>>> print(open('work-v2.txt').read())   # compact mmCIF, C-alpha atoms
# COMPACT_ATOMS: atom_id res chain seq x y z
CA MET K 1 5.15 -18.75 -11.91
CA GLY K 2 6.56 -15.87 -9.87
CA LYS K 3 6.06 -15.32 -6.18
CA TRP K 4 2.47 -14.50 -5.18
CA TYR K 5 3.22 -10.86 -4.36
CA GLU K 6 4.85 -10.19 -7.72
CA GLU K 7 1.56 -11.01 -9.46
CA ALA K 8 -0.76 -9.55 -6.80
CA VAL K 9 -3.30 -6.77 -6.95
CA PHE K 10 -3.73 -5.32 -3.46
CA TYR K 11 -6.77 -3.89 -1.69
CA HIS K 12 -5.88 -1.45 1.09
CA MET K 13 -8.15 -1.44 4.16
CA TYR K 14 -7.86 1.11 6.99
CA PRO K 15 -10.13 -0.66 9.50
CA ILE K 16 -10.50 2.00 12.21
CA GLY K 17 -11.81 4.38 9.56
CA MET K 18 -13.90 2.08 7.39
CA THR K 19 -15.80 0.57 10.34
CA GLY K 20 -16.50 3.97 11.90
CA ALA K 21 -14.66 2.97 15.10
CA PRO K 22 -14.08 5.75 17.66
CA ARG K 23 -10.98 7.77 16.85
CA ARG K 24 -9.78 7.48 20.45
CA ASN K 25 -9.55 4.16 22.29
CA GLU K 26 -11.11 4.98 25.65
CA GLN K 27 -13.25 1.87 26.08
CA GLU K 28 -12.78 -1.07 28.43
CA GLU K 29 -14.87 -3.53 26.44
CA VAL K 30 -14.14 -5.13 23.06
CA THR K 31 -16.36 -4.10 20.11
CA HIS K 32 -16.56 -6.80 17.43
CA ARG K 33 -16.37 -5.08 14.05
CA PHE K 34 -14.58 -7.74 12.00
CA ASP K 35 -17.88 -9.12 10.71
CA GLU K 36 -18.26 -5.76 8.93
CA LEU K 37 -14.76 -6.09 7.48
CA GLU K 38 -15.44 -9.66 6.33
CA LYS K 39 -18.41 -8.37 4.30
CA TRP K 40 -15.87 -6.60 2.08
CA LEU K 41 -14.16 -9.83 1.01
CA PRO K 42 -16.59 -10.86 -1.79
CA HIS K 43 -16.34 -7.31 -3.20
CA ILE K 44 -12.53 -7.37 -2.98
CA GLU K 45 -12.50 -10.70 -4.79
CA SER K 46 -14.85 -9.32 -7.49
CA LEU K 47 -12.31 -6.57 -8.26
CA GLY K 48 -9.68 -9.20 -9.07
CA CYS K 49 -7.67 -8.31 -5.97
CA THR K 50 -5.58 -11.20 -4.68
CA ALA K 51 -4.20 -9.62 -1.49
CA VAL K 52 -5.35 -7.32 1.28
CA TYR K 53 -3.15 -4.83 3.10
CA ILE K 54 -5.00 -4.13 6.37
CA GLY K 55 -3.91 -1.96 9.23
CA PRO K 56 -3.01 -0.73 11.63
CA LEU K 57 -4.40 -3.50 13.84
CA PHE K 58 -2.29 -3.42 17.03
CA GLU K 59 -4.03 -2.22 20.19
CA SER K 60 -3.43 1.54 20.18
CA THR K 61 -4.53 4.83 21.71
CA SER K 62 -5.87 6.76 18.70
CA HIS K 63 -5.17 6.46 14.94
CA GLY K 64 -3.50 3.05 15.27
CA TYR K 65 0.12 4.14 14.93
CA ASP K 66 0.57 4.82 18.67
CA THR K 67 0.82 1.17 19.76
CA ARG K 68 -0.15 0.06 23.27
CA ASP K 69 0.16 -3.68 22.81
CA TYR K 70 1.72 -5.45 19.81
CA LYS K 71 0.08 -8.79 20.55
CA LEU K 72 -3.52 -7.64 20.85
CA VAL K 73 -5.89 -6.69 18.05
CA ASP K 74 -7.29 -3.22 18.73
CA ARG K 75 -10.34 -3.62 20.98
CA ARG K 76 -12.27 -1.08 18.86
CA LEU K 77 -12.14 -3.65 16.03
CA GLY K 78 -12.42 -6.94 17.89
CA ASP K 79 -10.22 -9.55 19.49
CA ASN K 80 -7.51 -11.88 18.25
CA GLU K 81 -10.02 -14.62 17.49
CA ASP K 82 -11.97 -12.22 15.22
CA PHE K 83 -8.88 -11.41 13.19
CA ARG K 84 -7.90 -15.09 12.98
CA HIS K 85 -11.33 -15.74 11.43
CA PHE K 86 -10.90 -12.81 9.01
CA VAL K 87 -7.59 -14.24 7.74
CA LYS K 88 -9.14 -17.70 7.36
CA GLU K 89 -12.05 -16.26 5.35
CA ALA K 90 -9.64 -14.32 3.13
CA HIS K 91 -7.44 -17.36 2.57
CA GLU K 92 -10.46 -19.44 1.56
CA ARG K 93 -10.97 -16.90 -1.23
CA GLU K 94 -7.27 -17.17 -2.11
CA ILE K 95 -6.69 -13.63 -0.85
CA LYS K 96 -3.38 -13.09 0.98
CA VAL K 97 -3.31 -10.89 4.11
CA VAL K 98 -0.59 -8.33 4.86
CA VAL K 99 -0.68 -6.26 8.06
CA ASP K 100 0.79 -2.93 9.10
CA GLY K 101 3.98 -3.33 11.16
CA VAL K 102 4.36 -0.18 13.25
CA PHE K 103 7.85 -0.91 14.54
CA ASN K 104 9.65 2.43 14.42
CA HIS K 105 7.88 3.85 17.47
CA THR K 106 5.37 2.99 20.19
CA GLY K 107 2.68 5.01 21.88
CA ARG K 108 3.14 6.45 25.36
CA GLU K 109 0.88 3.77 26.84
CA PHE K 110 3.23 0.95 25.79
CA PHE K 111 4.49 -1.04 28.80
CA ALA K 112 8.18 -0.16 28.34
CA PHE K 113 7.52 3.57 28.22
CA GLN K 114 5.21 3.40 31.22
CA ASP K 115 7.91 1.59 33.16
CA ILE K 116 10.31 4.49 32.48
CA GLN K 117 7.66 6.97 33.66
CA LYS K 118 7.29 4.99 36.88
CA ASN K 119 10.87 3.93 37.65
CA ARG K 120 12.87 6.62 35.83
CA GLU K 121 16.63 5.82 35.81
CA ASN K 122 15.96 2.45 37.47
CA SER K 123 13.79 1.20 34.61
CA PRO K 124 15.33 -1.70 32.66
CA TYR K 125 13.72 -0.18 29.53
CA CYS K 126 15.66 3.12 29.40
CA SER K 127 17.74 1.72 26.51
CA TRP K 128 14.64 0.68 24.54
CA TYR K 129 14.03 4.22 23.31
CA LYS K 130 16.15 6.83 21.58
CA GLY K 131 17.25 9.92 23.45
CA ILE K 132 15.96 9.16 26.96
CA ASN K 133 17.32 12.10 28.95
CA PHE K 134 16.52 12.70 32.62
CA GLY K 135 18.02 16.18 32.49
CA TRP K 136 15.31 17.38 30.14
CA ASN K 137 11.51 17.43 30.00
CA SER K 138 8.97 16.41 27.36
CA PRO K 139 5.96 18.47 26.20
CA TYR K 140 3.91 16.01 28.32
CA ASN K 141 5.89 17.04 31.42
CA ASP K 142 7.22 13.53 32.06
CA GLY K 143 10.25 14.85 33.89
CA PHE K 144 12.47 13.37 31.16
CA GLY K 145 12.95 13.82 27.44
CA TYR K 146 12.96 11.39 24.51
CA GLU K 147 13.23 11.34 20.73
CA ALA K 148 9.82 11.45 19.07
CA TRP K 149 8.88 10.59 15.48
CA ARG K 150 8.89 13.90 13.57
CA ASN K 151 8.40 15.73 16.87
CA CYS K 152 5.02 14.04 17.41
CA PHE K 153 5.56 13.33 21.10
CA GLU K 154 2.77 10.76 21.30
CA LEU K 155 5.09 8.55 19.18
CA VAL K 156 8.29 7.49 20.98
CA ASN K 157 11.13 6.23 18.77
CA LEU K 158 12.41 2.74 19.54
CA ASN K 159 16.17 2.16 19.69
CA TYR K 160 17.22 -0.69 17.38
CA ARG K 161 20.79 -0.56 18.63
CA GLU K 162 19.38 -2.30 21.74
CA PRO K 163 19.37 -6.09 21.06
CA LYS K 164 16.37 -6.59 23.39
CA VAL K 165 14.24 -4.33 21.17
CA ARG K 166 15.13 -6.38 18.07
CA GLU K 167 14.45 -9.59 19.96
CA TYR K 168 11.09 -8.28 21.17
CA ILE K 169 9.90 -7.09 17.72
CA LEU K 170 11.02 -10.31 16.00
CA ASP K 171 9.03 -12.19 18.61
CA VAL K 172 6.01 -10.01 17.75
CA ILE K 173 6.38 -10.82 14.05
CA GLY K 174 6.62 -14.53 14.88
CA PHE K 175 3.49 -14.21 17.01
CA TRP K 176 1.49 -12.72 14.09
CA ILE K 177 2.68 -15.42 11.71
CA ASP K 178 2.01 -18.27 14.18
CA GLU K 179 -1.28 -16.99 15.57
CA PHE K 180 -2.92 -15.57 12.46
CA ASP K 181 -1.03 -17.03 9.46
CA ILE K 182 -0.43 -13.60 7.92
CA ASP K 183 1.39 -13.50 4.57
CA GLY K 184 3.41 -10.31 4.90
CA ILE K 185 4.06 -7.05 6.70
CA ARG K 186 4.03 -3.48 5.45
CA LEU K 187 6.66 -1.67 7.50
CA ASP K 188 5.48 1.74 8.62
CA CYS K 189 8.22 4.43 8.29
CA ALA K 190 10.67 1.90 6.85
CA ASP K 191 13.02 4.77 5.97
CA CYS K 192 13.51 5.34 9.73
CA LEU K 193 14.43 1.71 10.52
CA GLU K 194 17.98 0.34 10.70
CA PHE K 195 19.02 -1.62 7.59
CA SER K 196 20.60 -4.25 9.83
CA PHE K 197 17.20 -4.77 11.49
CA MET K 198 15.59 -5.28 8.06
CA GLN K 199 18.21 -7.99 7.49
CA ASP K 200 17.30 -9.57 10.85
CA MET K 201 13.62 -9.53 9.83
CA ARG K 202 14.37 -11.06 6.45
CA ARG K 203 16.36 -13.94 7.98
CA TYR K 204 13.69 -14.50 10.63
CA THR K 205 10.67 -14.44 8.30
CA ASN K 206 12.43 -16.64 5.71
CA GLU K 207 12.71 -19.32 8.38
CA LYS K 208 9.11 -18.84 9.58
CA LYS K 209 7.20 -18.78 6.30
CA ALA K 210 8.15 -19.21 2.65
CA ASP K 211 7.30 -16.26 0.37
CA PHE K 212 6.61 -13.96 3.33
CA TRP K 213 6.39 -10.42 1.88
CA LEU K 214 8.22 -7.50 3.47
CA MET K 215 7.24 -4.11 2.02
CA GLY K 216 8.48 -0.77 3.30
CA GLU K 217 6.81 2.62 3.41
CA VAL K 218 9.48 4.86 1.85
CA ILE K 219 8.60 8.29 0.48
CA HIS K 220 11.84 9.92 -0.68
CA GLY K 221 15.30 8.83 -1.74
CA ASP K 222 16.74 5.79 -3.46
CA TYR K 223 14.28 2.90 -3.19
CA SER K 224 16.91 0.37 -4.25
CA ARG K 225 18.72 0.78 -0.91
CA TYR K 226 15.86 -1.11 0.75
CA ILE K 227 15.19 -3.86 -1.80
CA SER K 228 17.48 -6.89 -1.95
CA PRO K 229 17.26 -10.62 -1.20
CA ASP K 230 18.56 -9.95 2.33
CA LYS K 231 16.27 -6.96 3.09
CA LEU K 232 12.83 -5.99 1.74
CA ASP K 233 10.91 -7.30 -1.27
CA SER K 234 9.31 -3.98 -2.18
CA VAL K 235 8.70 -0.36 -1.16
CA THR K 236 5.99 2.21 -1.88
CA ASN K 237 6.49 3.99 -5.22
CA TYR K 238 5.69 7.57 -4.17
CA GLU K 239 7.58 8.90 -7.20
CA LEU K 240 5.14 7.22 -9.58
CA HIS K 241 2.17 8.20 -7.36
CA LYS K 242 3.09 11.87 -7.86
CA GLY K 243 3.48 11.44 -11.62
CA LEU K 244 0.15 9.64 -12.04
CA TYR K 245 -1.94 12.56 -10.80
CA SER K 246 0.20 15.54 -11.86
CA GLY K 247 0.90 14.02 -15.29
CA HIS K 248 -2.86 14.15 -15.85
CA ASN K 249 -3.52 17.50 -14.15
CA ASP K 250 -0.83 19.12 -16.30
CA HIS K 251 -1.79 17.15 -19.42
CA ASN K 252 1.81 16.01 -19.41
CA TYR K 253 2.38 12.33 -20.12
CA PHE K 254 6.09 13.12 -20.47
CA GLU K 255 6.28 13.28 -16.66
CA ILE K 256 4.88 9.76 -16.20
CA ALA K 257 6.91 8.32 -19.08
CA HIS K 258 10.09 9.94 -17.73
CA THR K 259 9.46 8.47 -14.27
CA ILE K 260 8.95 4.98 -15.70
CA ARG K 261 11.97 5.31 -17.99
CA ARG K 262 14.13 6.41 -15.03
CA GLU K 263 12.82 3.60 -12.83
CA PHE K 264 12.22 0.60 -15.08
CA ASP K 265 13.76 1.07 -18.52
CA GLN K 266 15.55 -2.08 -19.69
CA ASN K 267 18.65 -0.01 -20.40
CA GLY K 268 19.58 1.93 -17.30
CA GLY K 269 16.35 1.98 -15.26
CA ILE K 270 17.51 2.30 -11.66
CA TYR K 271 14.86 -0.11 -10.30
CA ARG K 272 14.62 -2.52 -13.24
CA GLY K 273 13.83 -6.02 -12.04
CA MET K 274 12.34 -4.67 -8.79
CA LYS K 275 8.62 -4.80 -8.02
CA LEU K 276 7.58 -1.54 -6.34
CA TYR K 277 4.17 -1.06 -4.72
CA SER K 278 2.03 1.26 -6.88
CA PHE K 279 -0.93 3.32 -5.69
CA VAL K 280 -2.91 6.42 -6.67
CA ASP K 281 -4.03 7.18 -3.11
CA ASN K 282 -3.85 5.79 0.43
CA HIS K 283 -4.71 6.66 4.05
CA ASP K 284 -2.07 9.44 4.13
CA VAL K 285 -2.73 11.36 0.89
CA ASP K 286 -5.77 13.03 -0.68
CA ARG K 287 -8.18 10.73 -2.53
CA ILE K 288 -7.43 10.53 -6.25
CA ALA K 289 -10.99 11.64 -7.11
CA SER K 290 -10.36 14.86 -5.15
CA LYS K 291 -6.92 15.42 -6.65
CA LEU K 292 -7.72 15.30 -10.36
CA ASN K 293 -8.71 18.54 -12.11
CA VAL K 294 -10.63 16.62 -14.81
CA PRO K 295 -12.93 13.96 -13.31
CA GLY K 296 -12.70 11.80 -16.45
CA HIS K 297 -8.96 11.39 -15.96
CA ILE K 298 -9.73 8.87 -13.23
CA PHE K 299 -10.10 6.23 -15.98
CA PRO K 300 -6.66 6.53 -17.65
CA VAL K 301 -5.07 7.01 -14.19
CA HIS K 302 -6.30 3.57 -13.15
CA THR K 303 -5.37 2.04 -16.50
CA LEU K 304 -1.77 3.13 -15.87
CA LEU K 305 -1.88 1.95 -12.25
CA PHE K 306 -2.74 -1.59 -13.40
CA THR K 307 -0.49 -1.77 -16.45
CA LEU K 308 2.76 0.08 -15.74
CA PRO K 309 5.51 -1.87 -13.94
CA GLY K 310 4.65 -2.35 -10.27
CA ILE K 311 2.27 -4.09 -7.87
CA PRO K 312 -1.05 -2.20 -8.09
CA SER K 313 -3.09 -1.28 -5.02
CA ILE K 314 -6.62 0.11 -4.59
CA TYR K 315 -7.54 2.09 -1.44
CA TYR K 316 -10.99 1.22 -0.12
CA GLY K 317 -13.81 3.18 -1.77
CA SER K 318 -11.59 4.81 -4.40
CA GLU K 319 -12.79 2.16 -6.85
CA TRP K 320 -16.09 4.07 -7.04
CA GLY K 321 -14.59 7.55 -6.69
CA ILE K 322 -14.84 8.46 -2.99
CA GLN K 323 -13.72 12.06 -2.40
CA GLY K 324 -11.54 13.15 0.51
CA ARG K 325 -8.92 15.78 1.30
CA LYS K 326 -6.74 16.27 4.36
CA GLU K 327 -7.88 19.16 6.56
CA GLY K 328 -4.61 20.59 7.86
CA GLY K 329 -3.08 17.81 9.92
CA ASN K 330 -6.38 15.91 10.10
CA ASP K 331 -6.43 12.68 8.06
CA ASP K 332 -9.97 11.66 9.04
CA PRO K 333 -11.53 12.82 5.73
CA LEU K 334 -9.27 10.30 3.94
CA ARG K 335 -10.51 7.48 6.18
CA PRO K 336 -14.32 7.59 6.20
CA ALA K 337 -16.74 4.98 7.52
CA VAL K 338 -18.27 2.94 4.68
CA GLU K 339 -21.02 0.35 4.96
CA ILE K 340 -20.12 -1.88 2.02
CA GLU K 341 -23.57 -3.31 1.22
CA GLU K 342 -25.15 0.14 1.27
CA ALA K 343 -22.28 1.60 -0.79
CA LEU K 344 -22.65 -1.03 -3.49
CA GLU K 345 -26.39 -0.39 -3.73
CA ASN K 346 -25.77 3.31 -4.41
CA VAL K 347 -22.42 3.38 -6.20
CA PRO K 348 -21.47 7.01 -6.98
CA ASN K 349 -19.42 6.02 -10.05
CA SER K 350 -20.49 2.60 -11.32
CA GLU K 351 -18.62 3.10 -14.61
CA LEU K 352 -15.33 3.48 -12.70
CA LEU K 353 -16.10 0.42 -10.56
CA GLU K 354 -16.73 -1.67 -13.68
CA TRP K 355 -13.54 -0.37 -15.31
CA ILE K 356 -11.47 -1.37 -12.28
CA LYS K 357 -13.06 -4.85 -12.35
CA THR K 358 -12.10 -5.08 -16.03
CA LEU K 359 -8.53 -4.00 -15.26
CA GLY K 360 -8.37 -6.53 -12.42
CA ARG K 361 -9.51 -9.31 -14.74
CA ILE K 362 -7.02 -8.36 -17.47
CA HIS K 363 -4.17 -8.08 -14.95
CA LYS K 364 -4.87 -11.62 -13.78
CA GLU K 365 -5.18 -13.02 -17.31
CA GLN K 366 -2.06 -11.33 -18.74
CA PRO K 367 1.19 -12.37 -17.00
CA ALA K 368 3.05 -9.73 -19.05
CA LEU K 369 1.43 -7.03 -16.88
CA SER K 370 3.18 -8.48 -13.83
CA ALA K 371 6.43 -9.77 -15.24
CA GLY K 372 6.81 -8.25 -18.70
CA SER K 373 9.54 -5.85 -19.77
CA TYR K 374 8.48 -2.25 -20.49
CA GLN K 375 8.86 -0.53 -23.86
CA GLU K 376 7.61 2.95 -24.73
CA LEU K 377 5.85 3.04 -28.11
CA LEU K 378 4.30 6.51 -28.44
CA LEU K 379 4.45 9.70 -26.39
CA THR K 380 2.91 13.16 -26.62
CA ASN K 381 1.65 15.45 -23.85
CA ARG K 382 -1.82 13.94 -24.17
CA GLN K 383 -1.33 10.43 -25.55
CA TYR K 384 0.91 7.65 -24.33
CA ALA K 385 1.38 4.05 -25.46
CA PHE K 386 3.71 1.30 -24.30
CA ALA K 387 4.13 -2.46 -24.41
CA ARG K 388 4.68 -5.01 -21.67
CA THR K 389 6.36 -8.02 -23.25
CA LEU K 390 6.89 -11.48 -21.80
CA GLY K 391 8.40 -14.12 -24.07
CA ASP K 392 6.65 -13.95 -27.44
CA GLU K 393 3.52 -12.17 -26.14
CA SER K 394 2.91 -8.46 -25.58
CA VAL K 395 0.19 -6.33 -24.05
CA ILE K 396 -0.09 -2.92 -25.68
CA VAL K 397 -1.59 -0.12 -23.57
CA ALA K 398 -2.60 3.31 -24.87
CA VAL K 399 -4.24 6.20 -23.00
CA ASN K 400 -5.65 9.57 -24.04
CA ASN K 401 -5.94 12.43 -21.52
CA ASP K 402 -7.32 14.89 -24.09
CA ASP K 403 -10.90 16.18 -24.06
CA LYS K 404 -11.36 15.06 -27.68
CA ASP K 405 -10.72 12.02 -29.89
CA ALA K 406 -7.15 11.11 -30.75
CA GLU K 407 -6.06 9.04 -33.73
CA LEU K 408 -3.01 6.93 -32.90
CA ASN K 409 -0.65 4.85 -35.01
CA ILE K 410 1.20 2.56 -32.63
CA ARG K 411 4.13 0.49 -33.79
CA ILE K 412 3.77 -3.15 -32.67
CA PRO K 413 6.90 -4.59 -31.03
CA ILE K 414 6.21 -8.20 -32.16
CA GLN K 415 5.42 -8.44 -35.86
CA GLY K 416 3.24 -10.96 -37.66
CA LYS K 417 1.01 -11.64 -34.68
CA THR K 418 -2.71 -11.33 -34.03
CA CYS K 419 -3.83 -8.27 -32.09
CA THR K 420 -6.91 -8.60 -29.84
CA ASP K 421 -8.73 -5.92 -27.88
CA LEU K 422 -8.71 -7.25 -24.29
CA VAL K 423 -11.87 -5.36 -23.34
CA SER K 424 -14.15 -6.16 -26.29
CA GLY K 425 -12.45 -9.31 -27.55
CA GLU K 426 -12.41 -7.93 -31.11
CA THR K 427 -9.49 -8.49 -33.50
CA LEU K 428 -7.71 -5.23 -34.29
CA ASP K 429 -6.20 -4.20 -37.61
CA ALA K 430 -2.40 -4.26 -37.46
CA GLY K 431 -1.59 -5.43 -40.94
CA ASP K 432 1.33 -3.07 -41.61
CA GLY K 433 3.00 -3.60 -38.24
CA CYS K 434 1.10 -0.62 -36.84
CA LEU K 435 -2.01 -0.48 -34.72
CA HIS K 436 -4.40 2.23 -35.99
CA VAL K 437 -6.86 3.25 -33.28
CA THR K 438 -9.06 6.18 -32.36
CA LEU K 439 -9.32 6.81 -28.62
CA ALA K 440 -12.14 8.97 -27.29
CA ALA K 441 -11.49 11.50 -24.52
CA ASN K 442 -10.05 9.72 -21.45
CA GLU K 443 -10.32 6.34 -23.18
CA SER K 444 -7.82 3.52 -22.86
CA LEU K 445 -6.81 0.65 -25.13
CA LEU K 446 -5.50 -2.68 -23.85
CA ALA K 447 -4.59 -5.15 -26.58
CA ALA K 448 -2.87 -8.52 -26.58
CA VAL K 449 -0.39 -9.35 -29.32
CA LYS K 450 0.06 -13.14 -29.65
>>> encode(input="work-v2.txt", output="structure tokens")
Amino acid sequence: MGKWYEEAVFYHMYPIGMTGAPRRNEQEEVTHRFDELEKWLPHIESLGCTAVYIGPLFESTSHGYDTRDYKLVDRRLGDNEDFRHFVKEAHEREIKVVVDGVFNHTGREFFAFQDIQKNRENSPYCSWYKGINFGWNSPYNDGFGYEAWRNCFELVNLNYREPKVREYILDVIGFWIDEFDIDGIRLDCADCLEFSFMQDMRRYTNEKKADFWLMGEVIHGDYSRYISPDKLDSVTNYELHKGLYSGHNDHNYFEIAHTIRREFDQNGGIYRGMKLYSFVDNHDVDRIASKLNVPGHIFPVHTLLFTLPGIPSIYYGSEWGIQGRKEGGNDDPLRPAVEIEEALENVPNSELLEWIKTLGRIHKEQPALSAGSYQELLLTNRQYAFARTLGDESVIVAVNNDDKDAELNIRIPIQGKTCTDLVSGETLDAGDGCLHVTLAANESLLAAVK
């Protein structure tokens, strides 16, 4: 058995959006919305998901990434007791809980920044932030300047060369483990954090909780710089995310196959042996149902998400084809309010929902899809087949992005074995060492060779 996160299927919850909480936190009182979030847990379990990534949760001013207080659950969602109950309910269903760690920057209402506003050069927190400069002025007319995340001046960059900042954030992580029993942290903007701080986090969390998962949000560059036993366990696979939609929009499976070969090939794949976090959409990018030119491609896209090397993740509502595109800099359309009971009564794409449940079941039943080596078996612009092999068992996956039937002859990597369709349970003909199948438009095949 591997570690839990290596075999996990994640469900991604953006709670401020999905509960319809106000986009700005201007209230004094606490609004208890975690009961709405708990209603999602039976549905998440039914998809075969074994972990939830939920966040941001820290008390913040607007979208959740402008933290006010790292030790308080956002009052628009509830209080600390509410979240403790949510984690307990998830754990009873054997669902792990990973939260968003927004540690690169704070909001302007965070206590350390407010102390600098009040006491200027005399504040003990001047060294907590990057670029504090009393000879300059900010766009907010503070009478001093500071380094902001991507010039978004509501987000003030913390300075990890200051030991007190490291100490403070490690204490925060310890607080979330001790108080709520969380199972991991997704590090927002991990590519902006100091590597030495990641090493501090790794040492600290190893001591606090066995198998604690550290995953980094990294968009560009060499993912392997972040993943090692002394740093992070995983990072977001944005390279594959791009291939999954454009490889379908361009009817070009060579793009996806090239990405996987580059990343995970047994001979020379630059991330072989690493478990990257796979997704087709999230709270920062357009919904997959809005991105695909051919609606039917949503089926093979999800087949590949669940079967290619990586840790698959579903973003809330995309399992039934929610639409949503960014409007300029506005991410709200990607983060809509959804009442789960109502949504499941009127599912827009019930066929997709059922297919994702099937993929979730197969992923759980077939360890090769988590831990198996990858081998390409067939590749054209419009058809693609590969095997995931673990020991003497293989899962063969084939997809067709064409608008018509495709007849495929797929060489089987393990000869003399029985071949079973994992969806229908039927035995498939592979007498001559080849699997002969006809795939309809946008159809997938998943077969076990044992």
>>> closest_residue(input="work-v2.txt", among="K:Glu81, K:Glu154, K:Asp188, K:Asp74", to="Pro22 in chain K", atoms="all atoms listed in the file")
K:Asp74
>>> atom_distance(input="work-v2.txt", atom1="CA of Ser313 in chain K", atom2="CA of Val235 in chain K")
12.4 Å
>>> residues_around(input="work-v2.txt", residues="Gly328 in chain K", least_positions_apart="6", cutoff="12 Å", atoms="only C-alpha atoms", output="PyMOL selection string")
chain K and resi 285-286+334
>>> closest_residue(input="work-v2.txt", among="K:Leu214, K:Ile356, K:Met201, K:Met18", to="Gly184 in chain K", atoms="only C-alpha atoms")
K:Leu214
>>> atom_distance(input="work-v2.txt", atom1="CA of Leu170 in chain K", atom2="CA of Met274 in chain K")
25.5 Å
>>> axis_aligned_box(input="work-v2.txt", around="range 238-254 of chain K", padding_each_side="5 Å", output="lines of an AutoDock Vina configuration file")
center_x = 2.0
center_y = 13.2
center_z = -12.3
size_x = 21.1
size_y = 21.9
size_z = 26.3
>>> atom_distance(input="work-v2.txt", atom1="CA of Tyr384 in chain K", atom2="CA of Arg325 in chain K")
28.6 Å
>>> residues_around(input="work-v2.txt", residues="Ala371 in chain K", least_positions_apart="3", cutoff="10 Å", atoms="only C-alpha atoms", output="ChimeraX atom specification")
/K:1-2,6-7,273,275,309-310,366-368,374,388-390
>>> residues_near_point(input="work-v2.txt", point="(1.8, 8.7, -14.7)", cutoff="10 Å", atoms="only C-alpha atoms", output="number ranges by chain")
K: 239-248, 252-260, 280, 300-305, 308, 384
>>> closest_atom_pairs(input="work-v2.txt", of="range 331-385 of chain K", to="range 11-16 of chain K", cutoff="12 Å", atoms="only C-alpha atoms", output="CSV")
residue,atom,partner,partner_atom,distance
K:Asp331,CA,K:Tyr14,CA,11.7
K:Asp332,CA,K:Ile16,CA,10.2
K:Leu334,CA,K:Tyr14,CA,9.8
K:Arg335,CA,K:Tyr14,CA,6.9
K:Pro336,CA,K:Ile16,CA,9.1
K:Ala337,CA,K:Ile16,CA,8.4
K:Val338,CA,K:Pro15,CA,10.1
K:Glu339,CA,K:Pro15,CA,11.8
K:Ile356,CA,K:Tyr11,CA,11.9
K:Gly360,CA,K:Tyr11,CA,11.2
>>> closest_residue(input="work-v2.txt", among="K:Ile116, K:Val52, K:Leu57, K:Cys434", to="Phe134 in chain K", atoms="only C-alpha atoms")
K:Ile116
>>> closest_residue(input="work-v2.txt", among="K:Arg262, K:Lys450, K:Lys231, K:Arg225", to="Phe212 in chain K", atoms="all atoms listed in the file")
K:Lys231
>>> closest_residue(input="work-v2.txt", among="K:Asn401, K:Gly216, K:Leu232, K:Val172", to="Gln199 in chain K", atoms="only C-alpha atoms")
K:Leu232
>>> closest_residue(input="work-v2.txt", among="K:Leu379, K:Ile311, K:Cys152, K:Val437", to="Ala406 in chain K", atoms="all atoms listed in the file")
K:Val437
>>> residues_around(input="work-v2.txt", residues="His85 in chain K", least_positions_apart="3", cutoff="12 Å", atoms="all atoms listed in the file", output="PyMOL selection string")
chain K and resi 32+34-35+37-38+78-82+88-92+97+179-182
>>> write_last_selection(input="work-v2.txt", atoms="C-alpha atoms", output="PDB file, in the coordinates of the input")
ATOM      1  CA  HIS K  32     -16.560  -6.800  17.430  1.00  0.00           C
ATOM      2  CA  PHE K  34     -14.580  -7.740  12.000  1.00  0.00           C
ATOM      3  CA  ASP K  35     -17.880  -9.120  10.710  1.00  0.00           C
ATOM      4  CA  LEU K  37     -14.760  -6.090   7.480  1.00  0.00           C
ATOM      5  CA  GLU K  38     -15.440  -9.660   6.330  1.00  0.00           C
ATOM      6  CA  GLY K  78     -12.420  -6.940  17.890  1.00  0.00           C
ATOM      7  CA  ASP K  79     -10.220  -9.550  19.490  1.00  0.00           C
ATOM      8  CA  ASN K  80      -7.510 -11.880  18.250  1.00  0.00           C
ATOM      9  CA  GLU K  81     -10.020 -14.620  17.490  1.00  0.00           C
ATOM     10  CA  ASP K  82     -11.970 -12.220  15.220  1.00  0.00           C
ATOM     11  CA  LYS K  88      -9.140 -17.700   7.360  1.00  0.00           C
ATOM     12  CA  GLU K  89     -12.050 -16.260   5.350  1.00  0.00           C
ATOM     13  CA  ALA K  90      -9.640 -14.320   3.130  1.00  0.00           C
ATOM     14  CA  HIS K  91      -7.440 -17.360   2.570  1.00  0.00           C
ATOM     15  CA  GLU K  92     -10.460 -19.440   1.560  1.00  0.00           C
ATOM     16  CA  VAL K  97      -3.310 -10.890   4.110  1.00  0.00           C
ATOM     17  CA  GLU K 179      -1.280 -16.990  15.570  1.00  0.00           C
ATOM     18  CA  PHE K 180      -2.920 -15.570  12.460  1.00  0.00           C
ATOM     19  CA  ASP K 181      -1.030 -17.030   9.460  1.00  0.00           C
ATOM     20  CA  ILE K 182      -0.430 -13.600   7.920  1.00  0.00           C
TER      21      ILE K 182
END
